[in-house]
Every structure is written in C-alpha cells, then in structure tokens.
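Enquirer: I am sharing model18.cif, which consists of mmCIF, C-alpha atoms:
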```
data_upload
loop_
_atom_site.label_atom_id
_atom_site.label_comp_id
_atom_site.auth_asym_id
_atom_site.auth_seq_id
_atom_site.Cartn_x
_atom_site.Cartn_y
_atom_site.Cartn_z
CA MET A 425 -4.64 81.95 -30.82
CA THR A 426 -1.81 84.24 -29.70
CA LEU A 427 -2.57 87.87 -28.91
CA PRO A 428 0.03 90.66 -28.42
CA TYR A 429 -1.31 91.48 -24.96
CA SER A 430 -2.55 89.70 -21.86
CA LEU A 431 -6.17 88.55 -21.87
CA ALA A 432 -6.07 88.85 -18.09
CA ASN A 433 -5.91 92.63 -18.41
CA PRO A 434 -6.73 93.70 -21.99
CA PRO A 435 -6.88 97.38 -22.97
CA ALA A 436 -10.33 98.95 -22.40
CA ILE A 437 -10.32 100.17 -26.00
CA PHE A 438 -11.05 96.61 -27.11
CA ARG A 439 -14.36 96.36 -25.25
CA PRO A 440 -16.51 97.59 -28.16
CA LEU A 441 -14.74 95.15 -30.46
CA GLY A 442 -15.41 92.36 -27.98
CA ALA A 443 -19.10 93.25 -27.90
CA LEU A 444 -19.20 93.27 -31.70
CA TYR A 445 -17.45 89.90 -31.90
CA ALA A 446 -19.91 88.46 -29.39
CA SER A 447 -22.86 89.70 -31.46
CA LEU A 448 -21.41 88.21 -34.64
CA ALA A 449 -20.76 84.87 -32.94
CA ALA A 450 -24.32 84.77 -31.58
CA TYR A 451 -25.71 85.69 -35.02
CA ARG A 452 -23.66 82.93 -36.66
CA ARG A 453 -24.90 80.37 -34.14
CA ARG A 454 -28.47 81.50 -34.78
CA LEU A 455 -28.05 81.10 -38.56
CA TYR A 456 -27.10 77.47 -38.00
CA GLU A 457 -30.04 76.94 -35.65
CA ILE A 458 -32.60 78.21 -38.19
CA GLY A 459 -30.99 76.28 -41.05
CA PHE A 460 -29.72 79.24 -43.06
CA LEU A 461 -26.22 77.78 -42.66
CA THR A 462 -25.95 74.04 -43.09
CA SER A 463 -25.16 71.77 -40.15
CA HIS A 464 -24.52 68.34 -41.64
CA LYS A 465 -26.00 65.17 -40.17
CA VAL A 466 -24.05 61.90 -40.21
CA ARG A 467 -25.21 58.34 -39.61
CA VAL A 468 -23.51 57.83 -36.24
CA PRO A 469 -23.72 59.89 -33.02
CA VAL A 470 -21.34 62.78 -32.50
CA ILE A 471 -19.87 63.99 -29.20
CA SER A 472 -18.27 67.43 -29.13
CA VAL A 473 -15.59 68.36 -26.60
CA GLY A 474 -14.90 72.08 -26.46
CA ASN A 475 -14.89 75.23 -24.38
CA LEU A 476 -15.82 78.89 -24.41
CA THR A 477 -12.36 80.42 -24.10
CA VAL A 478 -9.17 80.63 -26.10
CA GLY A 479 -6.20 78.70 -24.78
CA GLY A 480 -5.67 75.33 -23.17
CA ASN A 481 -8.58 73.88 -21.22
CA ARG A 482 -7.69 70.16 -21.24
CA LYS A 483 -9.91 69.45 -24.27
CA THR A 484 -7.50 66.97 -25.81
CA PRO A 485 -6.95 64.94 -22.58
CA LEU A 486 -10.73 64.84 -22.13
CA THR A 487 -11.15 63.69 -25.73
CA ALA A 488 -8.63 60.89 -25.11
CA TYR A 489 -10.41 59.93 -21.89
CA ILE A 490 -13.78 59.64 -23.62
CA ALA A 491 -12.31 57.70 -26.56
CA ASN A 492 -10.57 55.20 -24.29
CA SER A 493 -13.68 54.82 -22.11
CA LEU A 494 -15.86 54.13 -25.16
CA LEU A 495 -13.33 51.61 -26.46
CA SER A 496 -13.48 49.76 -23.15
CA LEU A 497 -17.26 49.53 -23.55
CA GLY A 498 -17.05 47.96 -27.00
CA TYR A 499 -17.58 51.07 -29.14
CA ARG A 500 -15.48 51.94 -32.19
CA PRO A 501 -14.87 55.67 -31.73
CA ALA A 502 -13.10 57.97 -34.16
CA ILE A 503 -11.66 61.35 -33.21
CA LEU A 504 -12.09 64.27 -35.59
CA SER A 505 -9.90 67.37 -35.50
CA ARG A 506 -9.00 70.34 -37.64
CA GLY A 507 -5.34 69.71 -36.79
CA TYR A 508 -4.32 73.23 -35.86
CA GLY A 509 -0.89 74.25 -37.14
CA ARG A 510 -0.42 71.31 -39.52
CA ARG A 511 0.86 71.63 -43.07
CA ALA A 512 -1.24 70.70 -46.07
CA PHE A 513 -0.89 66.97 -46.71
CA PRO A 514 0.53 66.17 -50.18
CA LEU A 515 -2.32 63.72 -50.87
CA GLY A 516 -5.05 66.19 -49.92
CA ASP A 517 -7.74 66.42 -47.25
CA PRO A 518 -9.01 64.69 -45.09
CA VAL A 519 -5.97 63.00 -43.60
CA LEU A 520 -6.17 59.63 -41.83
CA VAL A 521 -3.79 60.09 -38.91
CA SER A 522 -4.49 56.69 -37.34
CA GLU A 523 -6.73 53.70 -37.82
CA GLY A 524 -6.28 52.84 -34.15
CA ALA A 525 -2.80 51.30 -34.19
CA GLY A 526 -0.61 54.39 -33.98
CA PRO A 527 0.22 57.36 -36.22
CA LEU A 528 0.33 56.92 -39.99
CA VAL A 529 1.67 60.43 -40.70
CA SER A 530 4.07 62.78 -38.93
CA PRO A 531 3.04 65.61 -36.55
CA THR A 532 3.79 67.99 -39.43
CA TYR A 533 0.77 66.71 -41.36
CA ALA A 534 -1.36 65.60 -38.42
CA GLY A 535 -0.99 68.53 -36.04
CA ASP A 536 0.25 68.26 -32.45
CA GLU A 537 -2.93 67.13 -30.71
CA PRO A 538 -4.15 64.62 -33.34
CA TYR A 539 -0.72 62.99 -33.42
CA LEU A 540 -0.72 62.75 -29.64
CA LEU A 541 -4.23 61.25 -29.68
CA ALA A 542 -3.03 58.68 -32.20
CA LEU A 543 -0.26 57.71 -29.76
CA THR A 544 -2.38 57.59 -26.60
CA THR A 545 -5.63 56.02 -27.83
CA LYS A 546 -6.60 53.08 -30.02
CA ALA A 547 -9.31 55.17 -31.68
CA ALA A 548 -9.14 56.19 -35.32
CA VAL A 549 -8.03 59.82 -35.77
CA VAL A 550 -8.92 61.92 -38.81
CA VAL A 551 -8.11 65.57 -39.53
CA ALA A 552 -9.68 67.89 -42.10
CA LYS A 553 -10.38 71.57 -42.62
CA ARG A 554 -14.08 70.67 -42.90
CA ARG A 555 -14.83 68.12 -40.25
CA VAL A 556 -17.82 66.76 -42.13
CA LYS A 557 -15.24 65.33 -44.56
CA ALA A 558 -13.38 63.77 -41.65
CA ALA A 559 -16.69 62.36 -40.38
CA ARG A 560 -17.49 60.72 -43.72
CA LEU A 561 -14.08 59.06 -43.83
CA ALA A 562 -14.42 57.86 -40.23
CA GLU A 563 -17.84 56.38 -41.01
CA SER A 564 -16.38 54.50 -43.96
CA LEU A 565 -13.78 52.98 -41.61
CA GLY A 566 -16.53 51.54 -39.40
CA ALA A 567 -16.65 54.11 -36.59
CA ASP A 568 -19.88 53.94 -34.60
CA VAL A 569 -19.38 57.17 -32.62
CA LEU A 570 -17.44 60.33 -33.48
CA ILE A 571 -15.68 62.70 -31.06
CA LEU A 572 -14.97 66.28 -32.10
CA ASP A 573 -11.84 67.63 -30.43
CA ASP A 574 -12.32 71.37 -29.85
CA GLY A 575 -15.75 71.31 -31.44
CA PHE A 576 -18.08 73.61 -29.49
CA GLN A 577 -17.83 76.45 -32.05
CA HIS A 578 -17.69 74.04 -35.00
CA LEU A 579 -21.36 74.11 -35.98
CA GLY A 580 -21.08 72.61 -39.44
CA LEU A 581 -21.57 69.11 -38.01
CA LYS A 582 -24.60 68.17 -35.94
CA ARG A 583 -23.90 66.53 -32.61
CA GLU A 584 -25.87 64.66 -29.98
CA VAL A 585 -23.74 65.79 -27.03
CA ASP A 586 -21.80 68.98 -26.32
CA ILE A 587 -19.30 68.82 -23.44
CA LEU A 588 -17.60 71.93 -22.09
CA SER A 589 -14.17 71.64 -20.48
CA LEU A 590 -13.84 74.35 -17.81
CA THR A 591 -10.70 74.89 -15.76
CA GLY A 592 -9.41 77.18 -13.05
CA ALA A 593 -11.04 79.29 -10.37
CA GLN A 594 -12.04 81.84 -13.03
CA PRO A 595 -12.87 79.72 -16.07
CA PHE A 596 -14.24 82.69 -18.05
CA GLY A 597 -11.60 85.26 -17.15
CA ASN A 598 -13.09 88.75 -17.14
CA GLY A 599 -16.27 87.50 -18.85
CA ARG A 600 -15.61 89.44 -22.07
CA VAL A 601 -15.25 88.19 -25.62
CA ILE A 602 -12.01 88.47 -27.62
CA PRO A 603 -10.20 90.79 -28.08
CA ALA A 604 -11.52 92.29 -24.82
CA GLY A 605 -11.23 89.01 -22.91
CA PRO A 606 -10.68 85.27 -23.32
CA LEU A 607 -14.19 84.20 -24.40
CA ARG A 608 -14.75 82.92 -27.93
CA GLU A 609 -18.44 83.80 -27.68
CA SER A 610 -20.74 85.11 -24.99
CA LEU A 611 -21.41 83.15 -21.82
CA ALA A 612 -25.02 82.63 -22.95
CA ALA A 613 -23.79 80.12 -25.54
CA GLY A 614 -22.76 77.74 -22.76
CA ALA A 615 -26.44 76.94 -22.19
CA LYS A 616 -26.34 74.97 -25.46
CA ALA A 617 -24.03 72.37 -23.86
CA HIS A 618 -25.14 69.20 -22.07
CA LEU A 619 -22.28 68.49 -19.64
CA ALA A 620 -19.33 70.24 -18.05
CA VAL A 621 -16.02 68.71 -16.94
CA THR A 622 -14.15 70.95 -14.53
CA SER A 623 -10.98 71.20 -12.48
CA PRO A 624 -11.43 70.78 -8.70
CA GLU A 625 -11.24 74.54 -8.01
CA THR A 626 -13.76 75.53 -10.72
CA PRO A 627 -16.96 77.07 -9.29
CA PRO A 628 -20.43 75.78 -10.28
CA ASN A 629 -21.23 76.57 -13.91
CA PRO A 630 -23.81 79.32 -14.53
CA TRP A 631 -26.09 77.10 -16.65
CA ASN A 632 -26.60 74.33 -14.07
CA LEU A 633 -25.18 71.72 -16.43
CA PRO A 634 -24.37 68.32 -14.91
CA SER A 635 -20.78 68.80 -13.78
CA PHE A 636 -17.90 66.37 -13.21
CA ALA A 637 -14.59 67.23 -11.56
CA ALA A 638 -11.34 65.93 -13.04
CA GLU A 639 -7.61 66.34 -12.47
CA LEU A 640 -4.87 66.19 -15.07
CA MET A 641 -2.10 64.15 -13.51
CA ILE A 642 1.39 63.12 -14.58
CA THR A 643 1.26 59.32 -14.66
CA HIS A 644 4.89 58.52 -15.41
CA LEU A 645 8.17 59.81 -16.83
CA PHE A 646 10.05 58.19 -19.70
CA TYR A 647 13.00 58.86 -21.99
CA LEU A 648 11.76 60.07 -25.36
CA ASN A 649 14.04 58.09 -27.63
CA SER A 650 14.11 54.83 -25.69
CA SER A 651 10.74 54.78 -23.86
CA LYS A 652 12.66 53.65 -20.75
CA THR A 653 10.85 54.74 -17.60
CA LEU A 654 12.50 57.19 -15.20
CA PRO A 655 11.35 56.47 -11.59
CA LEU A 656 9.91 59.50 -9.85
CA LYS A 657 12.24 59.26 -6.84
CA GLU A 658 15.23 59.18 -9.14
CA ALA A 659 14.01 62.24 -11.05
CA GLN A 660 13.48 64.16 -7.79
CA ASN A 661 17.17 63.76 -6.93
CA ARG A 662 18.57 64.86 -10.28
CA LYS A 663 19.20 68.27 -11.80
CA PHE A 664 17.02 69.12 -14.80
CA THR A 665 15.34 71.90 -16.75
CA ALA A 666 11.82 71.96 -18.15
CA PHE A 667 9.97 73.54 -21.06
CA CYS A 668 6.63 73.42 -22.84
CA GLY A 669 4.67 75.02 -25.65
CA LEU A 670 1.18 75.21 -24.17
CA ALA A 671 -1.56 77.80 -24.04
CA ASN A 672 -1.44 77.42 -20.24
CA PRO A 673 2.19 76.64 -19.34
CA LYS A 674 1.58 77.37 -15.65
CA SER A 675 -0.46 74.17 -15.38
CA PHE A 676 2.53 72.07 -16.46
CA GLY A 677 4.76 73.73 -13.88
CA GLN A 678 2.15 73.07 -11.19
CA SER A 679 1.89 69.40 -12.22
CA LEU A 680 5.67 69.00 -11.88
CA ALA A 681 5.68 70.72 -8.49
CA SER A 682 2.87 68.47 -7.23
CA LEU A 683 5.26 65.52 -7.71
CA GLY A 684 8.19 67.25 -6.01
CA LEU A 685 9.86 68.05 -9.34
CA PHE A 686 11.40 71.53 -9.42
CA PRO A 687 13.36 72.39 -12.58
CA GLY A 688 16.36 74.66 -12.36
CA ARG A 689 14.91 76.62 -15.28
CA PHE A 690 11.44 76.57 -16.83
CA ARG A 691 10.87 77.87 -20.35
CA ALA A 692 7.38 78.58 -21.66
CA PHE A 693 7.17 78.78 -25.45
CA PRO A 694 4.10 79.81 -27.47
CA ASP A 695 1.40 77.19 -28.00
CA HIS A 696 2.13 74.88 -30.97
CA VAL A 697 5.74 76.07 -31.08
CA SER A 698 7.96 74.72 -33.84
CA PHE A 699 11.32 73.61 -32.48
CA GLY A 700 13.70 75.14 -34.98
CA PRO A 701 17.51 75.35 -34.70
CA GLU A 702 17.47 78.50 -32.54
CA THR A 703 14.98 77.04 -30.07
CA LEU A 704 16.93 73.79 -29.82
CA GLN A 705 20.14 75.73 -29.18
CA THR A 706 18.38 77.64 -26.40
CA LEU A 707 17.43 74.35 -24.75
CA ARG A 708 20.99 73.02 -25.11
CA GLN A 709 22.33 76.19 -23.50
CA ASP A 710 19.94 75.74 -20.56
CA LEU A 711 21.43 72.31 -19.94
CA LEU A 712 24.97 73.70 -20.05
CA ASP A 713 24.23 76.77 -17.91
CA LEU A 714 22.76 74.71 -15.09
CA GLY A 715 24.80 71.53 -15.46
CA ALA A 716 21.48 69.69 -15.86
CA GLU A 717 21.24 66.06 -16.93
CA PHE A 718 18.02 66.24 -18.95
CA LEU A 719 15.02 68.32 -19.99
CA VAL A 720 11.44 67.49 -19.01
CA THR A 721 8.56 68.37 -21.31
CA THR A 722 5.02 67.41 -22.22
CA TYR A 723 4.10 64.57 -24.55
CA LYS A 724 2.51 67.12 -26.89
CA ASP A 725 5.85 68.93 -27.26
CA ALA A 726 7.95 65.78 -27.27
CA VAL A 727 6.28 64.32 -30.37
CA LYS A 728 7.88 67.12 -32.39
CA LEU A 729 11.33 66.29 -31.01
CA MET A 730 11.56 62.58 -31.80
CA GLY A 731 15.05 61.76 -33.05
CA SER A 732 16.56 64.83 -31.38
CA ASP A 733 19.91 64.34 -29.65
CA LEU A 734 18.65 66.27 -26.62
CA PRO A 735 18.21 64.20 -23.42
CA ILE A 736 14.43 64.61 -23.17
CA ILE A 737 12.20 63.14 -20.49
CA VAL A 738 8.49 63.01 -21.32
CA ALA A 739 5.96 63.68 -18.58
CA GLU A 740 2.93 61.71 -19.72
CA THR A 741 -0.39 62.83 -18.29
CA SER A 742 -3.92 61.48 -18.09
CA LEU A 743 -7.23 62.84 -16.91
CA ARG A 744 -8.70 61.33 -13.75
CA LEU A 745 -12.38 61.93 -13.08
CA THR A 746 -13.62 61.73 -9.51
CA GLU A 747 -16.83 60.03 -10.64
CA PRO A 748 -15.92 58.13 -13.80
CA GLN A 749 -18.88 55.74 -13.72
CA ARG A 750 -21.46 58.49 -13.25
CA PHE A 751 -19.82 60.52 -16.02
CA MET A 752 -20.00 57.70 -18.56
CA GLU A 753 -23.54 56.75 -17.53
CA THR A 754 -24.63 60.35 -18.03
CA LEU A 755 -22.83 60.61 -21.36
CA LEU A 756 -24.27 57.34 -22.70
CA SER A 757 -27.78 58.35 -21.62
CA LEU A 758 -27.54 61.25 -24.08
CA LEU A 759 -26.56 59.00 -27.00
CA PRO A 760 -29.08 57.04 -29.06
CA PRO A 761 -28.89 53.24 -28.99
CA LYS A 762 -26.37 51.78 -31.40
CA GLY A 763 -27.72 51.78 -34.94
CA ALA A 764 -30.61 54.11 -34.09
CA LEU A 765 -29.46 57.02 -36.26
#
```
Output the file's structure in the form of structure tokens.

Expert:
Amino acid sequence: MTLPYSLANPPAIFRPLGALYASLAAYRRRLYEIGFLTSHKVRVPVISVGNLTVGGNRKTPLTAYIANSLLSLGYRPAILSRGYGRRAFPLGDPVLVSEGAGPLVSPTYAGDEPYLLALTTKAAVVVAKRRVKAARLAESLGADVLILDDGFQHLGLKREVDILSLTGAQPFGNGRVIPAGPLRESLAAGAKAHLAVTSPETPPNPWNLPSFAAELMITHLFYLNSSKTLPLKEAQNRKFTAFCGLANPKSFGQSLASLGLFPGRFRAFPDHVSFGPETLQTLRQDLLDLGAEFLVTTYKDAVKLMGSDLPIIVAETSLRLTEPQRFMETLLSLLPPKGAL
C-alpha cells in the first residue's frame, strides 16, 4: 500500500478515519470468530506469517525460512499467497507458481514475492485471490502443511498457528491505524497470534507472545544473468550504484553498509515497482554519471530484470534466527501430529 504522505507523521485530520478503520477491522474479525463470515477448514495444518502494519516486515524471508526448515524435517510444505501486483493468469485462478523445482510462470503472473519464494525454496508455491482455492490445489499436490505469506488479516482460511513478524525499534509506529498511522488493525488484534519473530532492536511485544530474534543478512552477491559469484572484497573495491523497490528501502541500504558496501548513488523506488523503459534509462544514467561498473539490487527486484542488458549484481539475503532450534520446537508444538486433521 502506497499513501501520498508519510505514515511517520500523518495529518491529524486522519485520526477519526483511523479510529473508524480500526473499529471496522475489529468488527470484521469478530464476524469470522462467531461464524457469520466463513473461515474455511482444510485437511492439513496451516501456518500464517503476517504482521500488523503496512509495509515490509520481512514476512517473505520468514516464510522462506519456515518452508526450508520444514523441508529439512521431512515435511512437504506449500506456500500460499495472493500474489500482490500480479496480472490475471490467462488460464485462470489459482496459479501453480512452483511444484518445488523452480518457477513455472513469470513474475508477471506469479507476483514478486511468490516468484522469489519459488526460486529460493523447494516448497510448492500457489497464488490465488481466494487462498482457500490455493489451499485446495496445494492439498491435491500432496502438501502436508500450508504456509500463508502475509496472512494475519486473511481470515477466510483457518490456521493452527499465527506468527507475527515485527521489526524495528518502533514496530507499531505511532500506534494508530491507517490512514492515521501504519497499523492495519488495532494493537489488540496481536493477542490472537501465537509467536513473534523480531529484529534485534525490537522491544518486547505487548502481548507476551513467545518471541524469537532474527537478522536479515546478505549471504552472497552474484551476477544476475550468469549467476557467477562476486566476492565481497572485490565488490568493496569497485564503484557501483544501488537501487530497490521495497516498502522499507532503508533496510537494504543498512544491509549493504554492514558489509562495507557504499554505493555512489542509492535509488529507492516504490514497492513492487515495474521496471519500464523510463526507469531502466534512469538506472543506465546513474551508471554513466558515476562511472560505475554495476548496479546492486535485491533478489526481489532482480527477478523482474532477468534478460536485461544492465550489469546487475544481486544481493541475496536470508533470515538468521538466534535460536533456530527453539523456534522450530515451539512452532511444531503448536501443530497437530501428521495426519491428525
């Protein structure tokens, strides 16, 4: 969601609207709880990864982490997503993005995050406007656990576990609901979750949920069109520019700086940006203006630039939990035994 003003300091006039939105969100959640609105049950357990605020909160890296961890334990997970920003697929909905061996459709029809998940996990990935449809397809493919990417407000599918991804020293901003602040619903809704995964600087959550700290780290650099690795020391000694289309572009800049990588120019585009001719020309001009050798970007952005003649270096990231074993033990304790549903 892109708003024409900063959520860090929204106009006071929006406060009544924020209060109204919060009331409507709470009322909607209550309608699902009492069964007036239908929350569909599926045959296998469902894990939701989400948050309370608009913008990037590392939901997709956490989804990938959980999927890969479950795969290592012998599960057959499938990831379900709405596929924000994707075009309607010619063959309809749902869309099978991956059966676990890489993408079957382009980012145009998958959406940025689902396509990236198809590249970075061996889990099945399915997108649909109604995720219960994606769940049914995933079940038919043999999935024994489903993971909802960005699912905390998606109440049309019952889940066994709700995980909140919280980041930053002020994970709830000013504590108000959109358009008066960054919250999607009131803070009280967070009590419905079971676990929280936080960044190291995030304070204790107000609901006393079991909490696990994690860092999003750049693991390696590689050339987009050849997959050849660029050693970190070599990158540190070369002139480059950087760009990204993220809800929280500052985090990407901080990740680069933590590795001693300082671009001559850093461009932050809107989240889910489409790289049209004008945008590509802007990036080419950055290279020329600075005499830079290449551009560094995120994997999420790079998947939309495959085949481009731009010299693009991908900064691949992964989530590192400080207590990975305790996290998975806690998560699995909330799931029923296999075949119990």

Enquirer: To one decimal place, how far is atom CA of Ile587 of chain A from atom CA of Asn632 of chain A in Å?

Expert: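 Atom CA of Asn632 of chain A lies 13.1 Å from atom CA of Ile587 of chain A.
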
Enquirer: Written as a VMD selection string, which residues does the PyMOL selection byres ((chain A and resi 593-600) around 8) give for the file shown?

Expert: chain A and resid 431 to 432 439 442 to 443 476 to 477 590 to 592 601 to 602 604 to 607 610 to 611 625 to 627

Enquirer: So that I can check the surroundings of Leu640 of chain A, please list as a PyMOL selection string every protein, DNA and RNA residue that reaches within 9 Å of it, counting all atoms listed in the file and ignoring chain neighbours fewer than 6 positions away.

Expert: chain A and resi 482+485+623+679+741-745

Enquirer: List as a PyMOL selection string the protein and nucleic acid residues near Val466 of chain A, meaning an atom at most 8 Å away when only C-alpha atoms are counted, but skip any in the same chain fewer than 5 places from it.

Expert: chain A and resi 559-560+581-582

Enquirer: Residues at most 10 Å from Asp710 of chain A, counting only C-alpha atoms, excluding those fewer than 4 positions away in the same chain, as a tab-separated table (two decimals) with C-alpha atoms, in the coordinates of the input?

Expert:
```tsv
chain	number	residue	atom	x	y	z
A	664	PHE	CA	17.02	69.12	-14.80
A	665	THR	CA	15.34	71.90	-16.75
A	666	ALA	CA	11.82	71.96	-18.15
A	688	GLY	CA	16.36	74.66	-12.36
A	689	ARG	CA	14.91	76.62	-15.28
A	690	PHE	CA	11.44	76.57	-16.83
A	691	ARG	CA	10.87	77.87	-20.35
A	704	LEU	CA	16.93	73.79	-29.82
A	705	GLN	CA	20.14	75.73	-29.18
A	706	THR	CA	18.38	77.64	-26.40
A	714	LEU	CA	22.76	74.71	-15.09
A	715	GLY	CA	24.80	71.53	-15.46
A	716	ALA	CA	21.48	69.69	-15.86
A	718	PHE	CA	18.02	66.24	-18.95
A	719	LEU	CA	15.02	68.32	-19.99
```

Enquirer: What does the distance from atom CA of Arg454 of chain A to atom CA of Gly575 of chain A come to in Å, to one decimal?

Expert: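 Separating atom CA of Arg454 of chain A from atom CA of Gly575 of chain A is a distance of 16.6 Å.
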
Enquirer: Could you expand the PyMOL selection byres ((chain A and resi 694) around 8) into the explicit residues it covers here, written as number ranges by chain?

Expert: A: 426, 669-671, 692-693, 695-697

Enquirer: What's around Val621 of chain A at 6 Å? Count only C-alpha atoms, leave out sequence neighbours fewer than 3 positions away in its own chain, and write the answer as a ChimeraX atom specification.

Expert: /A:589,635-637

Enquirer: Do you know which residues are at most 10 Å from Pro655 of chain A counting only C-alpha atoms, after dropping those on the same chain fewer than 2 positions away, and could you put them as a PyMOL selection string?

Expert: chain A and resi 644-646+652-653+657-660

Enquirer: Any idea what the distance is between atom CA of Leu683 of chain A and atom CA of Ala739 of chain A?

Expert: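 Between atom CA of Leu683 of chain A and atom CA of Ala739 of chain A the gap is 11.0 Å.
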
Enquirer: Which residue gives the smallest distance to Val585 of chain A among A:Leu455, A:Leu619, A:Leu707, A:Leu565, with all atoms listed in the file counted?

Expert: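 Smallest separation from Val585 of chain A among the options: A:Leu619.
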
Enquirer: Which residue, A:Lys616, A:Thr746, A:Thr532, A:Phe513, has the smallest gap to Phe699 of chain A when you use all atoms listed in the file?

Expert: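 For Phe699 of chain A, the nearest of the candidates is A:Thr532.
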
Enquirer: Which is closer to Leu734 of chain A than all the others in A:Ala567, A:Ala450, A:Val720, A:Ala613, using all atoms listed in the file?

Expert: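 Closest to Leu734 of chain A, using all atoms listed in the file: A:Val720.
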
Enquirer: Point out the residue among A:Ala488, A:Cys668, A:Ala558, A:Ala681 with the least atom-to-atom distance to Ser698 of chain A, counting all atoms listed in the file.

Expert: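 Under the stated criterion, the closest residue is A:Cys668.
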
Enquirer: Could you tell me which of A:Val529, A:Leu711, A:Ile736, A:Val468 comes closest to Leu515 of chain A if we count only C-alpha atoms?

Expert: A:Val529

Enquirer: Let me make sure I understand: among A:Thr622, A:Ser530, A:Thr643, A:Thr722, which one has the smallest atom-to-atom distance to Pro673 of chain A if we use all atoms listed in the file?

Expert: A:Thr722

Enquirer: Emit segment 477-489 of chain A of the structure in the block as a file comprising N, CA and C atoms, as a PDB file, in the first residue's frame.

Expert:
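Saved the output as selection.pdb:
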```pdb
ATOM      1  N   THR A 477       1.252  -4.137  10.510  1.00  0.00           N
ATOM      2  CA  THR A 477       1.467  -2.860   9.845  1.00  0.00           C
ATOM      3  C   THR A 477       1.587  -3.003   8.340  1.00  0.00           C
ATOM      4  N   VAL A 478       1.366  -1.892   7.640  1.00  0.00           N
ATOM      5  CA  VAL A 478       1.613  -1.875   6.201  1.00  0.00           C
ATOM      6  C   VAL A 478       3.126  -1.803   5.989  1.00  0.00           C
ATOM      7  N   GLY A 479       3.551  -2.220   4.818  1.00  0.00           N
ATOM      8  CA  GLY A 479       4.980  -2.116   4.507  1.00  0.00           C
ATOM      9  C   GLY A 479       5.736  -3.399   4.776  1.00  0.00           C
ATOM     10  N   GLY A 480       7.034  -3.340   4.492  1.00  0.00           N
ATOM     11  CA  GLY A 480       7.876  -4.527   4.589  1.00  0.00           C
ATOM     12  C   GLY A 480       8.266  -4.847   6.023  1.00  0.00           C
ATOM     13  N   ASN A 481       8.008  -6.052   6.434  1.00  0.00           N
ATOM     14  CA  ASN A 481       8.372  -6.509   7.777  1.00  0.00           C
ATOM     15  C   ASN A 481       9.040  -7.880   7.752  1.00  0.00           C
ATOM     16  N   ARG A 482       9.667  -8.221   6.623  1.00  0.00           N
ATOM     17  CA  ARG A 482      10.414  -9.483   6.484  1.00  0.00           C
ATOM     18  C   ARG A 482       9.491 -10.697   6.513  1.00  0.00           C
ATOM     19  N   LYS A 483       8.239 -10.544   6.094  1.00  0.00           N
ATOM     20  CA  LYS A 483       7.318 -11.680   6.084  1.00  0.00           C
ATOM     21  C   LYS A 483       7.770 -12.747   5.099  1.00  0.00           C
ATOM     22  N   THR A 484       8.163 -12.318   3.900  1.00  0.00           N
ATOM     23  CA  THR A 484       8.538 -13.297   2.880  1.00  0.00           C
ATOM     24  C   THR A 484       9.826 -14.040   3.249  1.00  0.00           C
ATOM     25  N   PRO A 485      10.887 -13.368   3.737  1.00  0.00           N
ATOM     26  CA  PRO A 485      12.053 -14.138   4.204  1.00  0.00           C
ATOM     27  C   PRO A 485      11.717 -15.105   5.333  1.00  0.00           C
ATOM     28  N   LEU A 486      10.810 -14.711   6.218  1.00  0.00           N
ATOM     29  CA  LEU A 486      10.411 -15.618   7.303  1.00  0.00           C
ATOM     30  C   LEU A 486       9.631 -16.802   6.757  1.00  0.00           C
ATOM     31  N   THR A 487       8.776 -16.546   5.777  1.00  0.00           N
ATOM     32  CA  THR A 487       8.041 -17.634   5.126  1.00  0.00           C
ATOM     33  C   THR A 487       9.011 -18.630   4.497  1.00  0.00           C
ATOM     34  N   ALA A 488      10.027 -18.111   3.789  1.00  0.00           N
ATOM     35  CA  ALA A 488      11.029 -18.986   3.170  1.00  0.00           C
ATOM     36  C   ALA A 488      11.785 -19.775   4.228  1.00  0.00           C
ATOM     37  N   TYR A 489      12.125 -19.127   5.329  1.00  0.00           N
ATOM     38  CA  TYR A 489      12.858 -19.800   6.409  1.00  0.00           C
ATOM     39  C   TYR A 489      12.039 -20.964   6.960  1.00  0.00           C
TER      40      TYR A 489
END
```
